[in-house]
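Chemist: Contents of coords.txt (compact mmCIF, N, CA and C atoms) are given next:
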# COMPACT_ATOMS: atom_id res chain seq x y z
N MET W 1 130.77 95.20 16.17
CA MET W 1 130.60 93.93 16.84
C MET W 1 129.15 93.51 16.69
N SER W 2 128.91 92.29 16.24
CA SER W 2 127.54 91.83 16.08
C SER W 2 126.91 91.58 17.44
N GLY W 3 125.57 91.51 17.47
CA GLY W 3 124.85 91.28 18.71
C GLY W 3 125.26 89.98 19.37
N ASP W 4 125.43 88.92 18.55
CA ASP W 4 125.81 87.61 19.09
C ASP W 4 127.19 87.66 19.72
N THR W 5 128.14 88.33 19.04
CA THR W 5 129.49 88.44 19.57
C THR W 5 129.48 89.28 20.84
N HIS W 6 128.69 90.37 20.85
CA HIS W 6 128.60 91.22 22.02
C HIS W 6 128.04 90.44 23.21
N GLU W 7 126.99 89.64 22.98
CA GLU W 7 126.39 88.86 24.06
C GLU W 7 127.37 87.82 24.59
N ARG W 8 128.10 87.17 23.69
CA ARG W 8 129.10 86.19 24.13
C ARG W 8 130.16 86.88 24.96
N SER W 9 130.55 88.05 24.54
CA SER W 9 131.55 88.81 25.27
C SER W 9 131.03 89.18 26.66
N LEU W 10 129.79 89.63 26.73
CA LEU W 10 129.18 89.96 28.02
C LEU W 10 129.09 88.70 28.88
N ALA W 11 128.65 87.61 28.30
CA ALA W 11 128.54 86.36 29.05
C ALA W 11 129.90 85.94 29.60
N SER W 12 130.91 86.04 28.78
CA SER W 12 132.26 85.66 29.20
C SER W 12 132.77 86.58 30.31
N ARG W 13 132.60 87.88 30.11
CA ARG W 13 133.07 88.84 31.11
C ARG W 13 132.33 88.68 32.43
N LEU W 14 131.02 88.48 32.36
CA LEU W 14 130.22 88.31 33.57
C LEU W 14 130.61 87.03 34.31
N ARG W 15 130.77 85.94 33.56
CA ARG W 15 131.17 84.66 34.16
C ARG W 15 132.49 84.81 34.89
N LEU W 16 133.46 85.41 34.22
CA LEU W 16 134.78 85.58 34.84
C LEU W 16 134.72 86.49 36.07
N ALA W 17 133.95 87.57 35.99
CA ALA W 17 133.83 88.49 37.12
C ALA W 17 133.20 87.80 38.32
N VAL W 18 132.15 87.01 38.07
CA VAL W 18 131.48 86.31 39.17
C VAL W 18 132.40 85.25 39.77
N VAL W 19 133.13 84.53 38.92
CA VAL W 19 134.07 83.52 39.42
C VAL W 19 135.16 84.17 40.26
N ARG W 20 135.72 85.28 39.77
CA ARG W 20 136.79 85.97 40.52
C ARG W 20 136.29 86.50 41.85
N LEU W 21 135.11 87.11 41.84
CA LEU W 21 134.55 87.64 43.08
C LEU W 21 134.28 86.51 44.06
N ASN W 22 133.72 85.42 43.57
CA ASN W 22 133.45 84.26 44.43
C ASN W 22 134.75 83.73 45.03
N ARG W 23 135.78 83.64 44.21
CA ARG W 23 137.09 83.16 44.69
C ARG W 23 137.63 84.08 45.79
N ARG W 24 137.52 85.39 45.57
CA ARG W 24 138.01 86.34 46.58
C ARG W 24 137.19 86.25 47.87
N LEU W 25 135.87 86.11 47.74
CA LEU W 25 135.03 85.98 48.92
C LEU W 25 135.35 84.69 49.69
N ARG W 26 135.54 83.61 48.97
CA ARG W 26 135.86 82.34 49.62
C ARG W 26 137.22 82.38 50.31
N ALA W 27 138.11 83.25 49.82
CA ALA W 27 139.43 83.37 50.43
C ALA W 27 139.36 84.08 51.78
N GLN W 28 138.26 84.78 52.04
CA GLN W 28 138.08 85.45 53.34
C GLN W 28 137.59 84.40 54.32
N ARG W 29 138.52 83.80 55.02
CA ARG W 29 138.19 82.64 55.85
C ARG W 29 138.24 83.01 57.32
N VAL W 30 137.44 82.31 58.10
CA VAL W 30 137.43 82.48 59.55
C VAL W 30 138.72 81.91 60.12
N GLY W 31 139.18 80.82 59.56
CA GLY W 31 140.40 80.17 60.00
C GLY W 31 140.76 79.10 58.99
N ASP W 32 141.88 78.50 59.16
CA ASP W 32 142.32 77.45 58.23
C ASP W 32 142.01 76.06 58.75
N ASP W 33 141.14 75.98 59.76
CA ASP W 33 140.89 74.69 60.39
C ASP W 33 139.95 73.79 59.59
N LEU W 34 139.18 74.34 58.66
CA LEU W 34 138.24 73.53 57.88
C LEU W 34 138.62 73.55 56.40
N THR W 35 138.32 72.45 55.73
CA THR W 35 138.50 72.40 54.28
C THR W 35 137.34 73.14 53.61
N LEU W 36 137.51 73.48 52.35
CA LEU W 36 136.42 74.13 51.61
C LEU W 36 135.20 73.22 51.53
N THR W 37 135.41 71.91 51.42
CA THR W 37 134.29 70.95 51.37
C THR W 37 133.53 70.97 52.68
N GLN W 38 134.24 71.05 53.80
CA GLN W 38 133.58 71.11 55.10
C GLN W 38 132.80 72.41 55.26
N VAL W 39 133.40 73.51 54.83
CA VAL W 39 132.72 74.81 54.90
C VAL W 39 131.47 74.79 54.03
N ALA W 40 131.57 74.20 52.85
CA ALA W 40 130.42 74.11 51.94
C ALA W 40 129.30 73.29 52.57
N ALA W 41 129.65 72.19 53.23
CA ALA W 41 128.63 71.36 53.88
C ALA W 41 127.94 72.14 55.00
N LEU W 42 128.71 72.88 55.79
CA LEU W 42 128.12 73.70 56.85
C LEU W 42 127.19 74.76 56.26
N SER W 43 127.62 75.38 55.18
CA SER W 43 126.81 76.41 54.53
C SER W 43 125.50 75.84 54.00
N THR W 44 125.56 74.64 53.43
CA THR W 44 124.35 74.00 52.93
C THR W 44 123.40 73.66 54.07
N LEU W 45 123.92 73.16 55.17
CA LEU W 45 123.07 72.87 56.33
C LEU W 45 122.46 74.16 56.88
N HIS W 46 123.21 75.25 56.83
CA HIS W 46 122.70 76.54 57.29
C HIS W 46 121.57 77.01 56.39
N LYS W 47 121.75 76.84 55.10
CA LYS W 47 120.75 77.29 54.12
C LYS W 47 119.52 76.38 54.09
N CYS W 48 119.74 75.07 54.14
CA CYS W 48 118.66 74.10 53.92
C CYS W 48 118.08 73.51 55.20
N GLY W 49 118.80 73.64 56.30
CA GLY W 49 118.33 73.00 57.53
C GLY W 49 118.82 71.56 57.59
N ALA W 50 118.28 70.81 58.54
CA ALA W 50 118.70 69.43 58.77
C ALA W 50 118.45 68.56 57.53
N LEU W 51 119.43 67.69 57.22
CA LEU W 51 119.37 66.81 56.05
C LEU W 51 119.92 65.44 56.42
N THR W 52 119.55 64.46 55.62
CA THR W 52 120.21 63.17 55.76
C THR W 52 121.59 63.29 55.11
N PRO W 53 122.52 62.41 55.46
CA PRO W 53 123.82 62.45 54.79
C PRO W 53 123.70 62.32 53.26
N GLY W 54 122.78 61.48 52.80
CA GLY W 54 122.58 61.32 51.36
C GLY W 54 122.08 62.59 50.70
N GLN W 55 121.16 63.28 51.35
CA GLN W 55 120.66 64.55 50.81
C GLN W 55 121.77 65.59 50.76
N LEU W 56 122.57 65.63 51.82
CA LEU W 56 123.68 66.59 51.86
C LEU W 56 124.69 66.28 50.77
N ALA W 57 125.01 65.00 50.58
CA ALA W 57 125.94 64.60 49.53
C ALA W 57 125.41 65.02 48.16
N ALA W 58 124.12 64.80 47.92
CA ALA W 58 123.52 65.16 46.63
C ALA W 58 123.58 66.67 46.40
N LYS W 59 123.27 67.45 47.43
CA LYS W 59 123.30 68.90 47.28
C LYS W 59 124.71 69.42 47.03
N GLU W 60 125.70 68.74 47.60
CA GLU W 60 127.09 69.15 47.43
C GLU W 60 127.76 68.52 46.22
N GLY W 61 127.07 67.58 45.57
CA GLY W 61 127.62 66.94 44.37
C GLY W 61 128.80 66.04 44.65
N VAL W 62 128.78 65.38 45.81
CA VAL W 62 129.84 64.42 46.16
C VAL W 62 129.23 63.06 46.42
N GLN W 63 130.06 62.04 46.42
CA GLN W 63 129.59 60.69 46.70
C GLN W 63 129.28 60.54 48.18
N PRO W 64 128.27 59.75 48.54
CA PRO W 64 127.91 59.56 49.95
C PRO W 64 129.08 59.15 50.86
N PRO W 65 129.99 58.25 50.43
CA PRO W 65 131.11 57.92 51.33
C PRO W 65 131.99 59.13 51.65
N SER W 66 132.17 60.01 50.67
CA SER W 66 132.95 61.23 50.91
C SER W 66 132.24 62.12 51.92
N MET W 67 130.93 62.26 51.77
CA MET W 67 130.17 63.11 52.70
C MET W 67 130.17 62.50 54.10
N THR W 68 130.16 61.18 54.19
CA THR W 68 130.23 60.52 55.50
C THR W 68 131.51 60.94 56.23
N ARG W 69 132.62 61.00 55.51
CA ARG W 69 133.89 61.43 56.12
C ARG W 69 133.83 62.91 56.52
N VAL W 70 133.23 63.74 55.67
CA VAL W 70 133.09 65.16 55.98
C VAL W 70 132.25 65.34 57.25
N ILE W 71 131.14 64.64 57.31
CA ILE W 71 130.25 64.75 58.47
C ILE W 71 130.96 64.27 59.73
N ALA W 72 131.70 63.17 59.63
CA ALA W 72 132.42 62.66 60.79
C ALA W 72 133.43 63.69 61.31
N ALA W 73 134.14 64.35 60.41
CA ALA W 73 135.12 65.37 60.81
C ALA W 73 134.41 66.55 61.46
N LEU W 74 133.30 66.98 60.88
CA LEU W 74 132.56 68.12 61.44
C LEU W 74 131.94 67.76 62.78
N GLU W 75 131.52 66.52 62.91
CA GLU W 75 130.95 66.05 64.18
C GLU W 75 132.04 66.03 65.26
N GLU W 76 133.23 65.58 64.89
CA GLU W 76 134.36 65.55 65.82
C GLU W 76 134.73 66.95 66.30
N LEU W 77 134.59 67.94 65.41
CA LEU W 77 134.87 69.33 65.76
C LEU W 77 133.71 69.96 66.55
N GLY W 78 132.59 69.26 66.62
CA GLY W 78 131.44 69.79 67.34
C GLY W 78 130.58 70.74 66.53
N PHE W 79 130.76 70.76 65.19
CA PHE W 79 130.02 71.69 64.34
C PHE W 79 128.68 71.13 63.84
N VAL W 80 128.53 69.81 63.85
CA VAL W 80 127.26 69.20 63.47
C VAL W 80 126.89 68.14 64.50
N GLU W 81 125.60 67.83 64.51
CA GLU W 81 125.08 66.78 65.38
C GLU W 81 124.24 65.85 64.53
N ARG W 82 124.28 64.58 64.91
CA ARG W 82 123.42 63.59 64.25
C ARG W 82 122.32 63.21 65.22
N ARG W 83 121.14 62.96 64.65
CA ARG W 83 120.05 62.42 65.45
C ARG W 83 119.31 61.40 64.60
N PRO W 84 118.59 60.51 65.24
CA PRO W 84 117.87 59.50 64.46
C PRO W 84 116.83 60.13 63.54
N HIS W 85 116.66 59.51 62.39
CA HIS W 85 115.61 59.94 61.45
C HIS W 85 114.27 59.62 62.09
N PRO W 86 113.29 60.51 62.00
CA PRO W 86 112.01 60.26 62.68
C PRO W 86 111.19 59.10 62.12
N THR W 87 111.41 58.76 60.85
CA THR W 87 110.58 57.69 60.26
C THR W 87 111.38 56.53 59.69
N ASP W 88 112.68 56.69 59.51
CA ASP W 88 113.51 55.65 58.90
C ASP W 88 114.68 55.34 59.84
N GLY W 89 114.58 54.23 60.53
CA GLY W 89 115.59 53.84 61.50
C GLY W 89 116.97 53.61 60.92
N ARG W 90 117.05 53.43 59.60
CA ARG W 90 118.36 53.22 58.95
C ARG W 90 119.07 54.52 58.67
N GLN W 91 118.34 55.62 58.75
CA GLN W 91 118.88 56.93 58.40
C GLN W 91 119.19 57.76 59.64
N ALA W 92 120.00 58.77 59.45
CA ALA W 92 120.26 59.77 60.48
C ALA W 92 119.98 61.14 59.87
N ILE W 93 119.76 62.09 60.73
CA ILE W 93 119.59 63.47 60.32
C ILE W 93 120.80 64.24 60.84
N VAL W 94 121.38 65.07 59.98
CA VAL W 94 122.54 65.88 60.35
C VAL W 94 122.09 67.33 60.40
N GLU W 95 122.48 68.03 61.46
CA GLU W 95 122.13 69.44 61.58
C GLU W 95 123.28 70.19 62.24
N LEU W 96 123.27 71.50 62.04
CA LEU W 96 124.29 72.35 62.66
C LEU W 96 124.12 72.34 64.17
N SER W 97 125.23 72.29 64.87
CA SER W 97 125.22 72.49 66.32
C SER W 97 125.29 74.00 66.56
N GLU W 98 125.22 74.40 67.82
CA GLU W 98 125.34 75.83 68.13
C GLU W 98 126.69 76.37 67.67
N SER W 99 127.77 75.59 67.89
CA SER W 99 129.09 76.08 67.46
C SER W 99 129.22 76.07 65.94
N GLY W 100 128.55 75.14 65.26
CA GLY W 100 128.54 75.14 63.80
C GLY W 100 127.82 76.36 63.26
N LEU W 101 126.70 76.70 63.87
CA LEU W 101 125.96 77.90 63.46
C LEU W 101 126.81 79.14 63.70
N ALA W 102 127.48 79.20 64.85
CA ALA W 102 128.34 80.35 65.15
C ALA W 102 129.47 80.47 64.12
N TYR W 103 130.04 79.33 63.72
CA TYR W 103 131.11 79.35 62.71
C TYR W 103 130.59 79.91 61.39
N VAL W 104 129.43 79.43 60.94
CA VAL W 104 128.86 79.89 59.67
C VAL W 104 128.55 81.39 59.74
N GLN W 105 127.96 81.82 60.85
CA GLN W 105 127.64 83.24 60.99
C GLN W 105 128.90 84.10 60.99
N LYS W 106 129.96 83.62 61.63
CA LYS W 106 131.23 84.34 61.64
C LYS W 106 131.81 84.40 60.22
N ALA W 107 131.74 83.28 59.48
CA ALA W 107 132.25 83.25 58.11
C ALA W 107 131.50 84.25 57.23
N ILE W 108 130.19 84.30 57.39
CA ILE W 108 129.38 85.26 56.62
C ILE W 108 129.80 86.68 56.99
N SER W 109 129.97 86.93 58.27
CA SER W 109 130.35 88.26 58.75
C SER W 109 131.70 88.69 58.18
N VAL W 110 132.67 87.78 58.19
CA VAL W 110 134.01 88.08 57.66
C VAL W 110 133.94 88.41 56.17
N ARG W 111 133.19 87.62 55.42
CA ARG W 111 133.08 87.85 53.98
C ARG W 111 132.35 89.15 53.68
N GLU W 112 131.27 89.41 54.42
CA GLU W 112 130.53 90.65 54.17
C GLU W 112 131.34 91.87 54.58
N ALA W 113 132.15 91.75 55.63
CA ALA W 113 133.01 92.88 56.03
C ALA W 113 134.02 93.19 54.93
N TRP W 114 134.60 92.13 54.32
CA TRP W 114 135.53 92.34 53.21
C TRP W 114 134.83 93.04 52.05
N LEU W 115 133.62 92.55 51.73
CA LEU W 115 132.87 93.14 50.62
C LEU W 115 132.46 94.57 50.94
N ASP W 116 132.08 94.84 52.18
CA ASP W 116 131.75 96.21 52.58
C ASP W 116 132.93 97.15 52.36
N ARG W 117 134.15 96.68 52.71
CA ARG W 117 135.34 97.51 52.52
C ARG W 117 135.56 97.80 51.03
N LYS W 118 135.37 96.78 50.20
CA LYS W 118 135.54 96.97 48.75
C LYS W 118 134.48 97.92 48.20
N LEU W 119 133.25 97.77 48.65
CA LEU W 119 132.17 98.65 48.18
C LEU W 119 132.39 100.10 48.62
N ALA W 120 132.99 100.29 49.79
CA ALA W 120 133.26 101.63 50.29
C ALA W 120 134.28 102.38 49.42
N GLU W 121 135.08 101.61 48.66
CA GLU W 121 136.06 102.21 47.76
C GLU W 121 135.42 102.76 46.48
N LEU W 122 134.17 102.41 46.24
CA LEU W 122 133.47 102.81 45.02
C LEU W 122 132.67 104.09 45.25
N GLY W 123 132.35 104.73 44.15
CA GLY W 123 131.49 105.92 44.22
C GLY W 123 130.03 105.52 44.32
N ASP W 124 129.19 106.49 44.64
CA ASP W 124 127.75 106.25 44.78
C ASP W 124 127.14 105.65 43.51
N GLU W 125 127.55 106.18 42.36
CA GLU W 125 126.99 105.71 41.09
C GLU W 125 127.35 104.25 40.84
N GLU W 126 128.60 103.88 41.12
CA GLU W 126 129.02 102.49 40.94
C GLU W 126 128.27 101.55 41.89
N ARG W 127 128.07 101.99 43.13
CA ARG W 127 127.32 101.15 44.08
C ARG W 127 125.87 100.98 43.62
N GLU W 128 125.29 102.01 43.04
CA GLU W 128 123.91 101.92 42.53
C GLU W 128 123.85 100.93 41.37
N VAL W 129 124.84 100.97 40.48
CA VAL W 129 124.90 100.03 39.37
C VAL W 129 125.00 98.60 39.91
N LEU W 130 125.86 98.39 40.91
CA LEU W 130 126.01 97.06 41.49
C LEU W 130 124.74 96.60 42.20
N SER W 131 124.02 97.52 42.81
CA SER W 131 122.76 97.17 43.46
C SER W 131 121.76 96.63 42.43
N LYS W 132 121.67 97.32 41.30
CA LYS W 132 120.78 96.85 40.23
C LYS W 132 121.28 95.53 39.64
N ALA W 133 122.60 95.42 39.46
CA ALA W 133 123.17 94.19 38.92
C ALA W 133 122.90 93.01 39.86
N ALA W 134 122.99 93.24 41.17
CA ALA W 134 122.74 92.16 42.13
C ALA W 134 121.31 91.64 41.99
N GLU W 135 120.35 92.54 41.80
CA GLU W 135 118.95 92.14 41.60
C GLU W 135 118.82 91.30 40.33
N ILE W 136 119.47 91.73 39.26
CA ILE W 136 119.38 91.01 37.99
C ILE W 136 120.05 89.64 38.09
N ILE W 137 121.24 89.59 38.69
CA ILE W 137 121.96 88.32 38.83
C ILE W 137 121.15 87.36 39.68
N ASP W 138 120.57 87.86 40.75
CA ASP W 138 119.74 87.02 41.61
C ASP W 138 118.56 86.44 40.82
N ARG W 139 117.95 87.27 40.00
CA ARG W 139 116.82 86.81 39.17
C ARG W 139 117.29 85.78 38.15
N MET W 140 118.46 86.01 37.56
CA MET W 140 119.01 85.05 36.58
C MET W 140 119.31 83.71 37.24
N ALA W 141 119.73 83.77 38.51
CA ALA W 141 120.08 82.54 39.23
C ALA W 141 118.83 81.79 39.69
N GLY W 142 117.66 82.42 39.51
CA GLY W 142 116.43 81.74 39.84
C GLY W 142 116.01 81.87 41.28
N ASN W 143 116.53 82.87 41.96
CA ASN W 143 116.16 83.06 43.38
C ASN W 143 115.13 84.14 43.55
Output the structure of this file as structure tokens.
Modeler:
Amino acid sequence: MSGDTHERSLASRLRLAVVRLNRRLRAQRVGDDLTLTQVAALSTLHKCGALTPGQLAAKEGVQPPSMTRVIAALEELGFVERRPHPTDGRQAIVELSESGLAYVQKAISVREAWLDRKLAELGDEEREVLSKAAEIIDRMAGN
């Protein structure tokens, strides 16, 4: 196998493995009460802090009217709060409420518990390989 073919094969295998793992992690849900788009918006607010609806839409790659509906649903559930923008009266700032933060923390806990169970099924050597791989993947992702 040539180097180029080997690298393509590695790239393909790695992409598929990451996609599958991500899919399995996302399937570990706190409940079925929120859509994946709503969960993603909460996660972004958790990671980035308070944002305008436009900033949140841009980070999530959706159109502002779609994000407005997502925010309204999350606000109705009590997971986000809006407050006036400090310098632009036409804008609002959206941030996690206490219950929104609790939901995100619970979702993280559920996903990490699932992953902990899967990691416990592996041997020490495999966990060490994954530890090194996590560092490399994180570096590749630019974090």
Chemist: Skip Ala92 of chain W itself and residues of its chain fewer than 6 positions away, then list as an MDAnalysis selection string all residues within 6 Å of it, counting only N, CA and C atoms.
Modeler: chainID W and resid 51:53 83:85
Chemist: Just to confirm, what's the straight-line distance from atom N of Gly89 of chain W to atom C of Ser43 of chain W in Å (one decimal)?
Modeler: 25.1 Å
Chemist: Please, which residues of chain W, numbered as in this document, come out helix (DSSP H, G or I) from DSSP, as a PyMOL selection string?
Modeler: chain W and resi 3-27+36-48+53-60+64-76+98-120+124-140
Chemist: Find the distance between atom CA of Arg20 of chain W and atom CA of Glu60 of chain W and write it in Å to one decimal.
Modeler: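 Rounded to one decimal, the two atoms are 20.6 Å apart.
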Chemist: Looking only at strand (DSSP E) from DSSP on the backbone, list the matching residues of segment 2-142 of chain W as a ChimeraX atom specification.
Modeler: /W:80-84,92-96
Chemist: For Glu95 of chain W, which residue out of W:Thr44, W:Thr68, W:Ser109, W:Thr37 is the nearest one, using only C-alpha atoms?
Modeler: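 Selected residue with least distance to Glu95 of chain W: W:Thr44.
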Chemist: Just the residues within 10 Å of Tyr103 of chain W, please, counting only C-alpha atoms, with nothing from its chain fewer than 6 positions along; format it as a list in words.
Modeler: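 The neighbour list is Val30, Gly31, Val39, Leu42, Ser43, Phe79, Leu96, Ser97 and Ser109 of chain W.
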Chemist: Near segment 121-137 of chain W, within 10 Å and counting only C-alpha atoms, which residues show up once chain neighbours fewer than 5 positions away are dropped, as a list of chain:residue names?
Modeler: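 So, after excluding close chain neighbours, the residues are W:Leu14, W:Val18, W:Asp116, W:Gly142, W:Asn143.
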Chemist: Report, in Å to a single decimal, how far apart atom CA of Thr35 of chain W and atom CA of Met140 of chain W are.
Modeler: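 Computed distance, atom CA of Met140 of chain W to atom CA of Thr35 of chain W, equals 29.2 Å.
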Chemist: Around (125.3, 64.6, 60.3) in the file's frame, which residues reach within 6 Å when counting only C-alpha atoms? Return as number ranges by chain?
Modeler: W: 71, 80-82, 93-95
Chemist: Nearest residue to His46 of chain W out of W:Leu101, W:Ile108, W:Ala120, W:Leu115, using only C-alpha atoms?
Modeler: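 Of W:Leu101, W:Ile108, W:Ala120, W:Leu115, the one nearest His46 of chain W is W:Leu101, counting only C-alpha atoms.
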